[in-house]
Each structure stands twice: as C-alpha cells, then as structure tokens.
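*Asks:* Coordinates in target_22.cif, mmCIF, N, CA and C atoms, are listed below.
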```cif
data_final
#
loop_
_atom_site.label_atom_id
_atom_site.label_comp_id
_atom_site.auth_asym_id
_atom_site.auth_seq_id
_atom_site.Cartn_x
_atom_site.Cartn_y
_atom_site.Cartn_z
N MET W 1 70.27 109.97 108.04
CA MET W 1 70.79 108.72 107.55
C MET W 1 72.21 108.92 107.04
N LYS W 2 73.07 107.99 107.34
CA LYS W 2 74.45 108.03 106.87
C LYS W 2 74.63 107.05 105.73
N TYR W 3 75.32 107.51 104.69
CA TYR W 3 75.67 106.64 103.58
C TYR W 3 77.01 105.97 103.88
N LYS W 4 77.15 104.75 103.44
CA LYS W 4 78.43 104.07 103.50
C LYS W 4 79.22 104.53 102.28
N VAL W 5 80.47 104.96 102.48
CA VAL W 5 81.33 105.38 101.38
C VAL W 5 82.33 104.27 101.11
N ARG W 6 82.33 103.79 99.88
CA ARG W 6 83.27 102.74 99.51
C ARG W 6 84.07 103.19 98.29
N PHE W 7 85.17 102.52 98.02
CA PHE W 7 86.08 102.89 96.94
C PHE W 7 86.22 101.74 95.95
N THR W 8 86.25 102.07 94.66
CA THR W 8 86.62 101.07 93.67
C THR W 8 88.14 100.88 93.77
N PRO W 9 88.65 99.77 93.27
CA PRO W 9 90.11 99.59 93.25
C PRO W 9 90.82 100.73 92.50
N GLU W 10 90.20 101.23 91.44
CA GLU W 10 90.80 102.33 90.68
C GLU W 10 90.90 103.60 91.53
N ALA W 11 89.88 103.88 92.32
CA ALA W 11 89.91 105.06 93.19
C ALA W 11 90.97 104.91 94.27
N GLU W 12 91.13 103.70 94.80
CA GLU W 12 92.20 103.46 95.78
C GLU W 12 93.56 103.69 95.15
N ASP W 13 93.72 103.23 93.89
CA ASP W 13 94.97 103.48 93.17
C ASP W 13 95.21 104.97 92.97
N ASP W 14 94.15 105.71 92.67
CA ASP W 14 94.27 107.15 92.51
C ASP W 14 94.79 107.80 93.79
N LEU W 15 94.25 107.40 94.93
CA LEU W 15 94.69 107.97 96.20
C LEU W 15 96.18 107.72 96.43
N LEU W 16 96.62 106.51 96.17
CA LEU W 16 98.04 106.19 96.33
C LEU W 16 98.90 106.98 95.35
N ARG W 17 98.46 107.08 94.11
CA ARG W 17 99.21 107.82 93.09
C ARG W 17 99.34 109.30 93.47
N LEU W 18 98.24 109.91 93.91
CA LEU W 18 98.27 111.32 94.30
C LEU W 18 99.17 111.54 95.50
N PHE W 19 99.08 110.65 96.49
CA PHE W 19 99.92 110.78 97.68
C PHE W 19 101.39 110.63 97.31
N ASP W 20 101.72 109.59 96.54
CA ASP W 20 103.12 109.35 96.17
C ASP W 20 103.70 110.51 95.38
N HIS W 21 102.91 111.06 94.46
CA HIS W 21 103.38 112.18 93.65
C HIS W 21 103.74 113.39 94.51
N LEU W 22 102.87 113.73 95.43
CA LEU W 22 103.12 114.89 96.30
C LEU W 22 104.21 114.58 97.33
N ALA W 23 104.25 113.35 97.83
CA ALA W 23 105.25 112.98 98.85
C ALA W 23 106.67 113.07 98.30
N GLU W 24 106.84 112.87 96.99
CA GLU W 24 108.18 113.00 96.39
C GLU W 24 108.72 114.41 96.57
N GLN W 25 107.82 115.39 96.60
CA GLN W 25 108.22 116.79 96.72
C GLN W 25 108.15 117.29 98.16
N ASP W 26 107.11 116.87 98.88
CA ASP W 26 106.88 117.41 100.23
C ASP W 26 105.99 116.44 101.00
N LEU W 27 106.60 115.65 101.87
CA LEU W 27 105.86 114.63 102.61
C LEU W 27 104.79 115.24 103.51
N ALA W 28 105.12 116.34 104.17
CA ALA W 28 104.14 116.98 105.06
C ALA W 28 102.92 117.46 104.27
N ALA W 29 103.14 118.00 103.08
CA ALA W 29 102.02 118.45 102.24
C ALA W 29 101.18 117.25 101.79
N ALA W 30 101.83 116.13 101.50
CA ALA W 30 101.11 114.93 101.10
C ALA W 30 100.19 114.45 102.22
N VAL W 31 100.67 114.51 103.45
CA VAL W 31 99.85 114.11 104.60
C VAL W 31 98.68 115.07 104.77
N ARG W 32 98.93 116.37 104.61
CA ARG W 32 97.84 117.36 104.71
C ARG W 32 96.81 117.16 103.60
N ALA W 33 97.27 116.85 102.40
CA ALA W 33 96.35 116.59 101.29
C ALA W 33 95.51 115.36 101.58
N GLN W 34 96.13 114.33 102.11
CA GLN W 34 95.40 113.10 102.45
C GLN W 34 94.32 113.41 103.49
N THR W 35 94.64 114.24 104.46
CA THR W 35 93.66 114.63 105.48
C THR W 35 92.51 115.42 104.85
N ALA W 36 92.83 116.35 103.94
CA ALA W 36 91.79 117.14 103.28
C ALA W 36 90.86 116.25 102.46
N ILE W 37 91.43 115.27 101.76
CA ILE W 37 90.61 114.36 100.97
C ILE W 37 89.72 113.52 101.87
N THR W 38 90.28 113.02 102.97
CA THR W 38 89.51 112.20 103.91
C THR W 38 88.34 113.00 104.49
N LYS W 39 88.60 114.23 104.89
CA LYS W 39 87.53 115.08 105.44
C LYS W 39 86.48 115.39 104.39
N GLY W 40 86.92 115.67 103.17
CA GLY W 40 85.98 115.96 102.10
C GLY W 40 85.07 114.78 101.82
N LEU W 41 85.66 113.60 101.74
CA LEU W 41 84.86 112.41 101.43
C LEU W 41 83.93 112.04 102.59
N ALA W 42 84.29 112.39 103.81
CA ALA W 42 83.41 112.14 104.95
C ALA W 42 82.09 112.92 104.81
N PHE W 43 82.16 114.06 104.15
CA PHE W 43 80.97 114.87 103.88
C PHE W 43 79.92 114.07 103.10
N LEU W 44 80.40 113.16 102.25
CA LEU W 44 79.49 112.36 101.42
C LEU W 44 78.63 111.41 102.24
N GLN W 45 79.06 111.09 103.44
CA GLN W 45 78.25 110.22 104.30
C GLN W 45 76.89 110.84 104.60
N LEU W 46 76.83 112.16 104.60
CA LEU W 46 75.60 112.85 104.96
C LEU W 46 74.92 113.57 103.79
N PHE W 47 75.72 114.13 102.88
CA PHE W 47 75.14 115.02 101.87
C PHE W 47 75.62 114.74 100.44
N PRO W 48 75.54 113.53 99.94
CA PRO W 48 76.05 113.27 98.59
C PRO W 48 75.27 114.00 97.50
N PHE W 49 74.00 114.28 97.71
CA PHE W 49 73.21 114.96 96.69
C PHE W 49 73.53 116.45 96.58
N SER W 50 74.31 116.98 97.50
CA SER W 50 74.66 118.40 97.44
C SER W 50 75.80 118.68 96.46
N CYS W 51 76.44 117.65 95.96
CA CYS W 51 77.54 117.82 95.01
C CYS W 51 77.01 117.93 93.59
N ARG W 52 77.82 118.53 92.73
CA ARG W 52 77.37 118.79 91.36
C ARG W 52 77.28 117.50 90.55
N LYS W 53 76.38 117.51 89.58
CA LYS W 53 76.25 116.38 88.67
C LYS W 53 77.46 116.35 87.75
N ALA W 54 77.96 115.15 87.46
CA ALA W 54 79.10 115.00 86.58
C ALA W 54 78.67 115.23 85.14
N LEU W 55 79.51 115.91 84.39
CA LEU W 55 79.23 116.19 82.99
C LEU W 55 79.91 115.16 82.10
N GLY W 56 79.43 115.03 80.89
CA GLY W 56 80.01 114.08 79.95
C GLY W 56 79.35 112.73 80.07
N GLY W 57 79.36 111.98 78.99
CA GLY W 57 78.74 110.67 79.01
C GLY W 57 77.23 110.78 79.04
N PRO W 58 76.57 109.65 79.14
CA PRO W 58 75.11 109.68 79.20
C PRO W 58 74.63 110.33 80.50
N PRO W 59 73.52 111.06 80.45
CA PRO W 59 73.02 111.71 81.67
C PRO W 59 72.73 110.69 82.77
N ASN W 60 73.24 110.97 83.94
CA ASN W 60 73.02 110.10 85.09
C ASN W 60 72.99 110.99 86.33
N PRO W 61 71.81 111.28 86.88
CA PRO W 61 71.72 112.19 88.02
C PRO W 61 72.41 111.65 89.28
N LEU W 62 72.76 110.39 89.28
CA LEU W 62 73.41 109.81 90.46
C LEU W 62 74.93 109.80 90.34
N LEU W 63 75.46 110.21 89.20
CA LEU W 63 76.90 110.33 88.99
C LEU W 63 77.28 111.77 89.28
N ARG W 64 78.14 111.98 90.27
CA ARG W 64 78.41 113.32 90.77
C ARG W 64 79.90 113.55 90.97
N GLU W 65 80.25 114.83 91.14
CA GLU W 65 81.63 115.22 91.42
C GLU W 65 81.67 116.09 92.66
N MET W 66 82.71 115.89 93.43
CA MET W 66 82.92 116.70 94.62
C MET W 66 84.26 117.41 94.49
N ILE W 67 84.26 118.71 94.69
CA ILE W 67 85.50 119.49 94.72
C ILE W 67 86.03 119.46 96.14
N ILE W 68 87.31 119.11 96.28
CA ILE W 68 87.96 119.07 97.59
C ILE W 68 89.08 120.11 97.57
N PRO W 69 88.90 121.24 98.23
CA PRO W 69 89.91 122.29 98.20
C PRO W 69 91.20 121.85 98.91
N PHE W 70 92.33 122.26 98.31
CA PHE W 70 93.63 122.04 98.95
C PHE W 70 94.64 122.95 98.27
N GLY W 71 95.21 123.85 99.03
CA GLY W 71 96.19 124.77 98.47
C GLY W 71 95.57 125.65 97.40
N SER W 72 96.33 125.91 96.34
CA SER W 72 95.85 126.79 95.28
C SER W 72 94.95 126.07 94.28
N ALA W 73 94.84 124.77 94.40
CA ALA W 73 93.98 124.00 93.49
C ALA W 73 93.12 123.07 94.33
N GLY W 74 93.38 121.78 94.26
CA GLY W 74 92.62 120.83 95.05
C GLY W 74 92.39 119.56 94.26
N TYR W 75 91.37 118.84 94.63
CA TYR W 75 91.09 117.54 94.05
C TYR W 75 89.62 117.46 93.64
N VAL W 76 89.33 116.52 92.75
CA VAL W 76 87.96 116.28 92.32
C VAL W 76 87.70 114.78 92.47
N ALA W 77 86.65 114.45 93.19
CA ALA W 77 86.26 113.04 93.37
C ALA W 77 85.02 112.77 92.53
N LEU W 78 85.11 111.75 91.70
CA LEU W 78 83.97 111.29 90.91
C LEU W 78 83.33 110.15 91.69
N PHE W 79 82.02 110.25 91.92
CA PHE W 79 81.35 109.21 92.69
C PHE W 79 79.96 108.95 92.16
N GLU W 80 79.42 107.83 92.56
CA GLU W 80 78.05 107.46 92.18
C GLU W 80 77.27 107.14 93.44
N ILE W 81 76.05 107.64 93.50
CA ILE W 81 75.15 107.28 94.59
C ILE W 81 74.50 105.97 94.15
N GLU W 82 74.95 104.88 94.73
CA GLU W 82 74.52 103.55 94.31
C GLU W 82 73.06 103.26 94.68
N ASP W 83 72.73 103.57 95.93
CA ASP W 83 71.38 103.33 96.43
C ASP W 83 71.18 104.21 97.65
N SER W 84 70.16 103.95 98.42
CA SER W 84 69.85 104.81 99.56
C SER W 84 70.82 104.64 100.73
N ALA W 85 71.81 103.78 100.57
CA ALA W 85 72.74 103.54 101.67
C ALA W 85 74.22 103.59 101.27
N THR W 86 74.52 103.67 99.95
CA THR W 86 75.91 103.51 99.52
C THR W 86 76.32 104.56 98.49
N VAL W 87 77.49 105.13 98.72
CA VAL W 87 78.14 106.02 97.78
C VAL W 87 79.46 105.35 97.39
N THR W 88 79.72 105.26 96.08
CA THR W 88 80.95 104.63 95.61
C THR W 88 81.85 105.66 94.94
N ILE W 89 83.06 105.79 95.48
CA ILE W 89 84.06 106.67 94.88
C ILE W 89 84.64 105.93 93.68
N LEU W 90 84.52 106.53 92.50
CA LEU W 90 84.98 105.89 91.27
C LEU W 90 86.39 106.31 90.89
N ALA W 91 86.73 107.59 91.14
CA ALA W 91 88.03 108.11 90.77
C ALA W 91 88.30 109.40 91.53
N ILE W 92 89.58 109.72 91.67
CA ILE W 92 89.98 110.99 92.29
C ILE W 92 91.14 111.52 91.47
N ARG W 93 91.09 112.82 91.17
CA ARG W 93 92.19 113.42 90.42
C ARG W 93 92.51 114.79 91.01
N HIS W 94 93.68 115.28 90.69
CA HIS W 94 94.04 116.65 91.03
C HIS W 94 93.33 117.55 90.04
N GLN W 95 92.93 118.74 90.46
CA GLN W 95 92.19 119.64 89.57
C GLN W 95 92.99 120.06 88.35
N ARG W 96 94.30 119.99 88.43
CA ARG W 96 95.13 120.37 87.29
C ARG W 96 95.39 119.21 86.34
N GLU W 97 94.95 118.02 86.70
CA GLU W 97 95.06 116.89 85.78
C GLU W 97 94.03 117.06 84.67
N GLU W 98 94.32 116.46 83.54
CA GLU W 98 93.44 116.61 82.39
C GLU W 98 92.10 115.93 82.59
N ASP W 99 92.10 114.71 83.11
CA ASP W 99 90.86 113.97 83.30
C ASP W 99 91.12 112.87 84.32
N TYR W 100 90.08 112.11 84.60
CA TYR W 100 90.23 110.99 85.52
C TYR W 100 91.06 109.90 84.86
N HIS W 101 91.78 109.15 85.67
CA HIS W 101 92.62 108.05 85.16
C HIS W 101 91.91 106.72 85.32
#
```
As structure tokens, how would this structure be written, given the file I've shared?
*Replies:*
Amino acid sequence: MKYKVRFTPEAEDDLLRLFDHLAEQDLAAAVRAQTAITKGLAFLQLFPFSCRKALGGPPNPLLREMIIPFGSAGYVALFEIEDSATVTILAIRHQREEDYH
C-alpha cells in the first residue's frame, strides 16, 4: 500500500526557505538538496513507520521524524501518519537549525 504524502503550508514554506538559503551560496547545491529531500520524502509513501518517533510534547506514536542525509549534515522532516492512507509533512529543517520553524 502506498501512502499519499501531503504538505502543510508551513512545510511548503520551509522547503522554499531552505532552498533560497542554500541557493544564495550555491544554486547547484540547492538543486541537489531539493532532489535529496524529494527522494527522502518519497520513502514515506511506503515505509512511514520505519522512521523514529518524534521526541518532545505529548507522546504520539504517529508523530515521527525522518533524517534526510545531504552533505556533512542534512535535513529532518517532521511528519504525522494521519491514517492508513495519508502522511502529512508538518515541518522540515536543516539538522544544524535549532528547532522546527
């Protein structure tokens, strides 16, 4: 079974913010990062339960984080398994950022 992956408006803003930040320094790297994030999130269509449970806040086994490797660091996607058919990306941040925005 494949899950539908959808994004909150905040997660879409995160993607644009991360791309713009990296593109200011290196456009080719920004495109490669975008590709890495896209490939990482495609994994969630099949295996969302394989990602680690998100820490902090009230316990919620359906709130999870996915590490997306890129370069010497990478990205972290916060997502929720909504139901048996939908995964919602809530936020994405660079691993060196303090927390989700």
*Asks:* Name the closest residue to W:Ile81 among the candidates W:Glu24, W:Arg64, W:Gln34, W:Pro59; distances are taken between atoms, counting only C-alpha atoms.
*Replies:*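 For W:Ile81, the nearest of the given residues is W:Arg64.
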*Asks:* Take every atom of stretch 72-85 of chain W listed in the file, pad by 4 Å on each side, and give me the axis-aligned box centre and edge lengths in Å, one decimal, as JSON.
*Replies:*
```
{"center_x": 83.1, "center_y": 115.0, "center_z": 96.3, "size_x": 34.5, "size_y": 31.5, "size_z": 18.8}
```
*Asks:* Could you please write out, as a PDB file with N, CA and C atoms, in the frame of the given file, every residue of chain W that DSSP assigns to strand (DSSP E or B)?
*Replies:*
```pdb
ATOM      1  N   LYS W   4      77.150 104.750 103.440  1.00  0.00           N
ATOM      2  CA  LYS W   4      78.430 104.070 103.500  1.00  0.00           C
ATOM      3  C   LYS W   4      79.220 104.530 102.280  1.00  0.00           C
ATOM      4  N   VAL W   5      80.470 104.960 102.480  1.00  0.00           N
ATOM      5  CA  VAL W   5      81.330 105.380 101.380  1.00  0.00           C
ATOM      6  C   VAL W   5      82.330 104.270 101.110  1.00  0.00           C
ATOM      7  N   ARG W   6      82.330 103.790  99.880  1.00  0.00           N
ATOM      8  CA  ARG W   6      83.270 102.740  99.510  1.00  0.00           C
ATOM      9  C   ARG W   6      84.070 103.190  98.290  1.00  0.00           C
ATOM     10  N   PHE W   7      85.170 102.520  98.020  1.00  0.00           N
ATOM     11  CA  PHE W   7      86.080 102.890  96.940  1.00  0.00           C
ATOM     12  C   PHE W   7      86.220 101.740  95.950  1.00  0.00           C
ATOM     13  N   ARG W  52      77.820 118.530  92.730  1.00  0.00           N
ATOM     14  CA  ARG W  52      77.370 118.790  91.360  1.00  0.00           C
ATOM     15  C   ARG W  52      77.280 117.500  90.550  1.00  0.00           C
ATOM     16  N   LYS W  53      76.380 117.510  89.580  1.00  0.00           N
ATOM     17  CA  LYS W  53      76.250 116.380  88.670  1.00  0.00           C
ATOM     18  C   LYS W  53      77.460 116.350  87.750  1.00  0.00           C
ATOM     19  N   LEU W  63      75.460 110.210  89.200  1.00  0.00           N
ATOM     20  CA  LEU W  63      76.900 110.330  88.990  1.00  0.00           C
ATOM     21  C   LEU W  63      77.280 111.770  89.280  1.00  0.00           C
ATOM     22  N   ARG W  64      78.140 111.980  90.270  1.00  0.00           N
ATOM     23  CA  ARG W  64      78.410 113.320  90.770  1.00  0.00           C
ATOM     24  C   ARG W  64      79.900 113.550  90.970  1.00  0.00           C
ATOM     25  N   GLU W  65      80.250 114.830  91.140  1.00  0.00           N
ATOM     26  CA  GLU W  65      81.630 115.220  91.420  1.00  0.00           C
ATOM     27  C   GLU W  65      81.670 116.090  92.660  1.00  0.00           C
ATOM     28  N   MET W  66      82.710 115.890  93.430  1.00  0.00           N
ATOM     29  CA  MET W  66      82.920 116.700  94.620  1.00  0.00           C
ATOM     30  C   MET W  66      84.260 117.410  94.490  1.00  0.00           C
ATOM     31  N   ILE W  67      84.260 118.710  94.690  1.00  0.00           N
ATOM     32  CA  ILE W  67      85.500 119.490  94.720  1.00  0.00           C
ATOM     33  C   ILE W  67      86.030 119.460  96.140  1.00  0.00           C
ATOM     34  N   ILE W  68      87.310 119.110  96.280  1.00  0.00           N
ATOM     35  CA  ILE W  68      87.960 119.070  97.590  1.00  0.00           C
ATOM     36  C   ILE W  68      89.080 120.110  97.570  1.00  0.00           C
ATOM     37  N   PRO W  69      88.900 121.240  98.230  1.00  0.00           N
ATOM     38  CA  PRO W  69      89.910 122.290  98.200  1.00  0.00           C
ATOM     39  C   PRO W  69      91.200 121.850  98.910  1.00  0.00           C
ATOM     40  N   PHE W  70      92.330 122.260  98.310  1.00  0.00           N
ATOM     41  CA  PHE W  70      93.630 122.040  98.950  1.00  0.00           C
ATOM     42  C   PHE W  70      94.640 122.950  98.270  1.00  0.00           C
ATOM     43  N   ALA W  73      94.840 124.770  94.400  1.00  0.00           N
ATOM     44  CA  ALA W  73      93.980 124.000  93.490  1.00  0.00           C
ATOM     45  C   ALA W  73      93.120 123.070  94.330  1.00  0.00           C
ATOM     46  N   GLY W  74      93.380 121.780  94.260  1.00  0.00           N
ATOM     47  CA  GLY W  74      92.620 120.830  95.050  1.00  0.00           C
ATOM     48  C   GLY W  74      92.390 119.560  94.260  1.00  0.00           C
ATOM     49  N   TYR W  75      91.370 118.840  94.630  1.00  0.00           N
ATOM     50  CA  TYR W  75      91.090 117.540  94.050  1.00  0.00           C
ATOM     51  C   TYR W  75      89.620 117.460  93.640  1.00  0.00           C
ATOM     52  N   VAL W  76      89.330 116.520  92.750  1.00  0.00           N
ATOM     53  CA  VAL W  76      87.960 116.280  92.320  1.00  0.00           C
ATOM     54  C   VAL W  76      87.700 114.780  92.470  1.00  0.00           C
ATOM     55  N   ALA W  77      86.650 114.450  93.190  1.00  0.00           N
ATOM     56  CA  ALA W  77      86.260 113.040  93.370  1.00  0.00           C
ATOM     57  C   ALA W  77      85.020 112.770  92.530  1.00  0.00           C
ATOM     58  N   LEU W  78      85.110 111.750  91.700  1.00  0.00           N
ATOM     59  CA  LEU W  78      83.970 111.290  90.910  1.00  0.00           C
ATOM     60  C   LEU W  78      83.330 110.150  91.690  1.00  0.00           C
ATOM     61  N   PHE W  79      82.020 110.250  91.920  1.00  0.00           N
ATOM     62  CA  PHE W  79      81.350 109.210  92.690  1.00  0.00           C
ATOM     63  C   PHE W  79      79.960 108.950  92.160  1.00  0.00           C
ATOM     64  N   GLU W  80      79.420 107.830  92.560  1.00  0.00           N
ATOM     65  CA  GLU W  80      78.050 107.460  92.180  1.00  0.00           C
ATOM     66  C   GLU W  80      77.270 107.140  93.440  1.00  0.00           C
ATOM     67  N   ILE W  81      76.050 107.640  93.500  1.00  0.00           N
ATOM     68  CA  ILE W  81      75.150 107.280  94.590  1.00  0.00           C
ATOM     69  C   ILE W  81      74.500 105.970  94.150  1.00  0.00           C
ATOM     70  N   THR W  86      74.520 103.670  99.950  1.00  0.00           N
ATOM     71  CA  THR W  86      75.910 103.510  99.520  1.00  0.00           C
ATOM     72  C   THR W  86      76.320 104.560  98.490  1.00  0.00           C
ATOM     73  N   VAL W  87      77.490 105.130  98.720  1.00  0.00           N
ATOM     74  CA  VAL W  87      78.140 106.020  97.780  1.00  0.00           C
ATOM     75  C   VAL W  87      79.460 105.350  97.390  1.00  0.00           C
ATOM     76  N   THR W  88      79.720 105.260  96.080  1.00  0.00           N
ATOM     77  CA  THR W  88      80.950 104.630  95.610  1.00  0.00           C
ATOM     78  C   THR W  88      81.850 105.660  94.940  1.00  0.00           C
ATOM     79  N   ILE W  89      83.060 105.790  95.480  1.00  0.00           N
ATOM     80  CA  ILE W  89      84.060 106.670  94.880  1.00  0.00           C
ATOM     81  C   ILE W  89      84.640 105.930  93.680  1.00  0.00           C
ATOM     82  N   LEU W  90      84.520 106.530  92.500  1.00  0.00           N
ATOM     83  CA  LEU W  90      84.980 105.890  91.270  1.00  0.00           C
ATOM     84  C   LEU W  90      86.390 106.310  90.890  1.00  0.00           C
ATOM     85  N   ALA W  91      86.730 107.590  91.140  1.00  0.00           N
ATOM     86  CA  ALA W  91      88.030 108.110  90.770  1.00  0.00           C
ATOM     87  C   ALA W  91      88.300 109.400  91.530  1.00  0.00           C
ATOM     88  N   ILE W  92      89.580 109.720  91.670  1.00  0.00           N
ATOM     89  CA  ILE W  92      89.980 110.990  92.290  1.00  0.00           C
ATOM     90  C   ILE W  92      91.140 111.520  91.470  1.00  0.00           C
ATOM     91  N   ARG W  93      91.090 112.820  91.170  1.00  0.00           N
ATOM     92  CA  ARG W  93      92.190 113.420  90.420  1.00  0.00           C
ATOM     93  C   ARG W  93      92.510 114.790  91.010  1.00  0.00           C
ATOM     94  N   HIS W  94      93.680 115.280  90.690  1.00  0.00           N
ATOM     95  CA  HIS W  94      94.040 116.650  91.030  1.00  0.00           C
ATOM     96  C   HIS W  94      93.330 117.550  90.040  1.00  0.00           C
TER      97      HIS W  94
END
```
*Asks:* Can you list, as a list in words, the residues that the PyMOL selection byres ((chain W and resi 7) around 6.5) selects here?
*Replies:* Val5, Arg6, Thr8, Pro9, Glu10, Ala11, Glu12, Val87, Thr88, Ile89 and Leu90 of chain W
*Asks:* Counting all atoms listed in the file, what is within 6 Å of W:Arg93, bar same-chain residues fewer than 3 positions away, as a short mmCIF file (atom, residue, chain, number, x, y, z; two decimals) with N, CA and C atoms, in the coordinates of the input?
*Replies:*
```
data_model
loop_
_atom_site.label_atom_id
_atom_site.label_comp_id
_atom_site.auth_asym_id
_atom_site.auth_seq_id
_atom_site.Cartn_x
_atom_site.Cartn_y
_atom_site.Cartn_z
N GLY W 74 93.38 121.78 94.26
CA GLY W 74 92.62 120.83 95.05
C GLY W 74 92.39 119.56 94.26
N TYR W 75 91.37 118.84 94.63
CA TYR W 75 91.09 117.54 94.05
C TYR W 75 89.62 117.46 93.64
N VAL W 76 89.33 116.52 92.75
CA VAL W 76 87.96 116.28 92.32
C VAL W 76 87.70 114.78 92.47
N ALA W 77 86.65 114.45 93.19
CA ALA W 77 86.26 113.04 93.37
C ALA W 77 85.02 112.77 92.53
N GLU W 97 94.95 118.02 86.70
CA GLU W 97 95.06 116.89 85.78
C GLU W 97 94.03 117.06 84.67
N TYR W 100 90.08 112.11 84.60
CA TYR W 100 90.23 110.99 85.52
C TYR W 100 91.06 109.90 84.86
#
```
*Asks:* Could you go through chain W and tell me which residues DSSP, when run on the backbone, assigns to helix (DSSP H, G or I), listing them as a PyMOL selection string?
*Replies:* chain W and resi 9-25+27-43+48-50
*Asks:* Residues within 8 Å of W:Lys2, please, as a list in words. Count only N, CA and C atoms; anything in the same chain fewer than 6 positions from it doesn't count.
*Replies:*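 The filter keeps Leu44, Gln45, Leu46, Phe47, Ser84, Ala85, Thr86 and Val87 of chain W.
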*Asks:* How about saving the chosen residues, N, CA and C atoms kept, as an mmCIF file, in the coordinates of the input?
*Replies:*
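The file below, part23.cif, is the result:
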```cif
data_model
loop_
_atom_site.group_PDB
_atom_site.id
_atom_site.type_symbol
_atom_site.label_atom_id
_atom_site.label_comp_id
_atom_site.auth_asym_id
_atom_site.auth_seq_id
_atom_site.Cartn_x
_atom_site.Cartn_y
_atom_site.Cartn_z
ATOM 1 N N LEU W 44 80.400 113.160 102.250
ATOM 2 C CA LEU W 44 79.490 112.360 101.420
ATOM 3 C C LEU W 44 78.630 111.410 102.240
ATOM 4 N N GLN W 45 79.060 111.090 103.440
ATOM 5 C CA GLN W 45 78.250 110.220 104.300
ATOM 6 C C GLN W 45 76.890 110.840 104.600
ATOM 7 N N LEU W 46 76.830 112.160 104.600
ATOM 8 C CA LEU W 46 75.600 112.850 104.960
ATOM 9 C C LEU W 46 74.920 113.570 103.790
ATOM 10 N N PHE W 47 75.720 114.130 102.880
ATOM 11 C CA PHE W 47 75.140 115.020 101.870
ATOM 12 C C PHE W 47 75.620 114.740 100.440
ATOM 13 N N SER W 84 70.160 103.950 98.420
ATOM 14 C CA SER W 84 69.850 104.810 99.560
ATOM 15 C C SER W 84 70.820 104.640 100.730
ATOM 16 N N ALA W 85 71.810 103.780 100.570
ATOM 17 C CA ALA W 85 72.740 103.540 101.670
ATOM 18 C C ALA W 85 74.220 103.590 101.270
ATOM 19 N N THR W 86 74.520 103.670 99.950
ATOM 20 C CA THR W 86 75.910 103.510 99.520
ATOM 21 C C THR W 86 76.320 104.560 98.490
ATOM 22 N N VAL W 87 77.490 105.130 98.720
ATOM 23 C CA VAL W 87 78.140 106.020 97.780
ATOM 24 C C VAL W 87 79.460 105.350 97.390
#
```
*Asks:* Mind giving me the straight-line distance from atom C of W:Leu78 to atom CA of W:Ala91 in Å, one decimal?
*Replies:*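 Calculated distance between atom C of W:Leu78 and atom CA of W:Ala91 is 5.2 Å.
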*Asks:* Taking the file as shown, what set of residues would the PyMOL selection byres ((chain W and resi 70-72) around 8) give back, as a ChimeraX atom specification?
*Replies:* /W:32-33,36-37,67-69,73-75
*Asks:* From (80.9, 113.5, 91.8), in the file's coordinates, out to 6 Å: which residues are reached, counting all atoms listed in the file? Answer as a PyMOL selection string.
*Replies:* chain W and resi 52+54+63-66+77-80
*Asks:* So how many Å separate atom CA of W:Leu41 and atom N of W:Pro61, to one decimal?
*Replies:*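 Result for atom CA of W:Leu41 versus atom N of W:Pro61: 19.6 Å, one decimal.
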*Asks:* Report, in Å with one decimal, the straight-line distance from atom C of W:Ser50 to atom N of W:Tyr3.
*Replies:*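 Interatomic distance, atom C of W:Ser50 to atom N of W:Tyr3: 13.9 Å.
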*Asks:* So that I can check the surroundings of W:His21, please list as a PyMOL selection string every protein, DNA and RNA residue that reaches within 12 Å of it, counting only C-alpha atoms and ignoring chain neighbours fewer than 6 positions away.
*Replies:* chain W and resi 14-15+27+29-31+33-34+93-94
*Asks:* What does the file look like for those residues with N, CA and C atoms, as a PDB file, keeping the file's coordinate frame?
*Replies:*
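Contents of the output file again.pdb:
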```
ATOM      1  N   ASP W  14      94.150 105.710  92.670  1.00  0.00           N
ATOM      2  CA  ASP W  14      94.270 107.150  92.510  1.00  0.00           C
ATOM      3  C   ASP W  14      94.790 107.800  93.790  1.00  0.00           C
ATOM      4  N   LEU W  15      94.250 107.400  94.930  1.00  0.00           N
ATOM      5  CA  LEU W  15      94.690 107.970  96.200  1.00  0.00           C
ATOM      6  C   LEU W  15      96.180 107.720  96.430  1.00  0.00           C
ATOM      7  N   LEU W  27     106.600 115.650 101.870  1.00  0.00           N
ATOM      8  CA  LEU W  27     105.860 114.630 102.610  1.00  0.00           C
ATOM      9  C   LEU W  27     104.790 115.240 103.510  1.00  0.00           C
ATOM     10  N   ALA W  29     103.140 118.000 103.080  1.00  0.00           N
ATOM     11  CA  ALA W  29     102.020 118.450 102.240  1.00  0.00           C
ATOM     12  C   ALA W  29     101.180 117.250 101.790  1.00  0.00           C
ATOM     13  N   ALA W  30     101.830 116.130 101.500  1.00  0.00           N
ATOM     14  CA  ALA W  30     101.110 114.930 101.100  1.00  0.00           C
ATOM     15  C   ALA W  30     100.190 114.450 102.220  1.00  0.00           C
ATOM     16  N   VAL W  31     100.670 114.510 103.450  1.00  0.00           N
ATOM     17  CA  VAL W  31      99.850 114.110 104.600  1.00  0.00           C
ATOM     18  C   VAL W  31      98.680 115.070 104.770  1.00  0.00           C
ATOM     19  N   ALA W  33      97.270 116.850 102.400  1.00  0.00           N
ATOM     20  CA  ALA W  33      96.350 116.590 101.290  1.00  0.00           C
ATOM     21  C   ALA W  33      95.510 115.360 101.580  1.00  0.00           C
ATOM     22  N   GLN W  34      96.130 114.330 102.110  1.00  0.00           N
ATOM     23  CA  GLN W  34      95.400 113.100 102.450  1.00  0.00           C
ATOM     24  C   GLN W  34      94.320 113.410 103.490  1.00  0.00           C
ATOM     25  N   ARG W  93      91.090 112.820  91.170  1.00  0.00           N
ATOM     26  CA  ARG W  93      92.190 113.420  90.420  1.00  0.00           C
ATOM     27  C   ARG W  93      92.510 114.790  91.010  1.00  0.00           C
ATOM     28  N   HIS W  94      93.680 115.280  90.690  1.00  0.00           N
ATOM     29  CA  HIS W  94      94.040 116.650  91.030  1.00  0.00           C
ATOM     30  C   HIS W  94      93.330 117.550  90.040  1.00  0.00           C
TER      31      HIS W  94
END
```
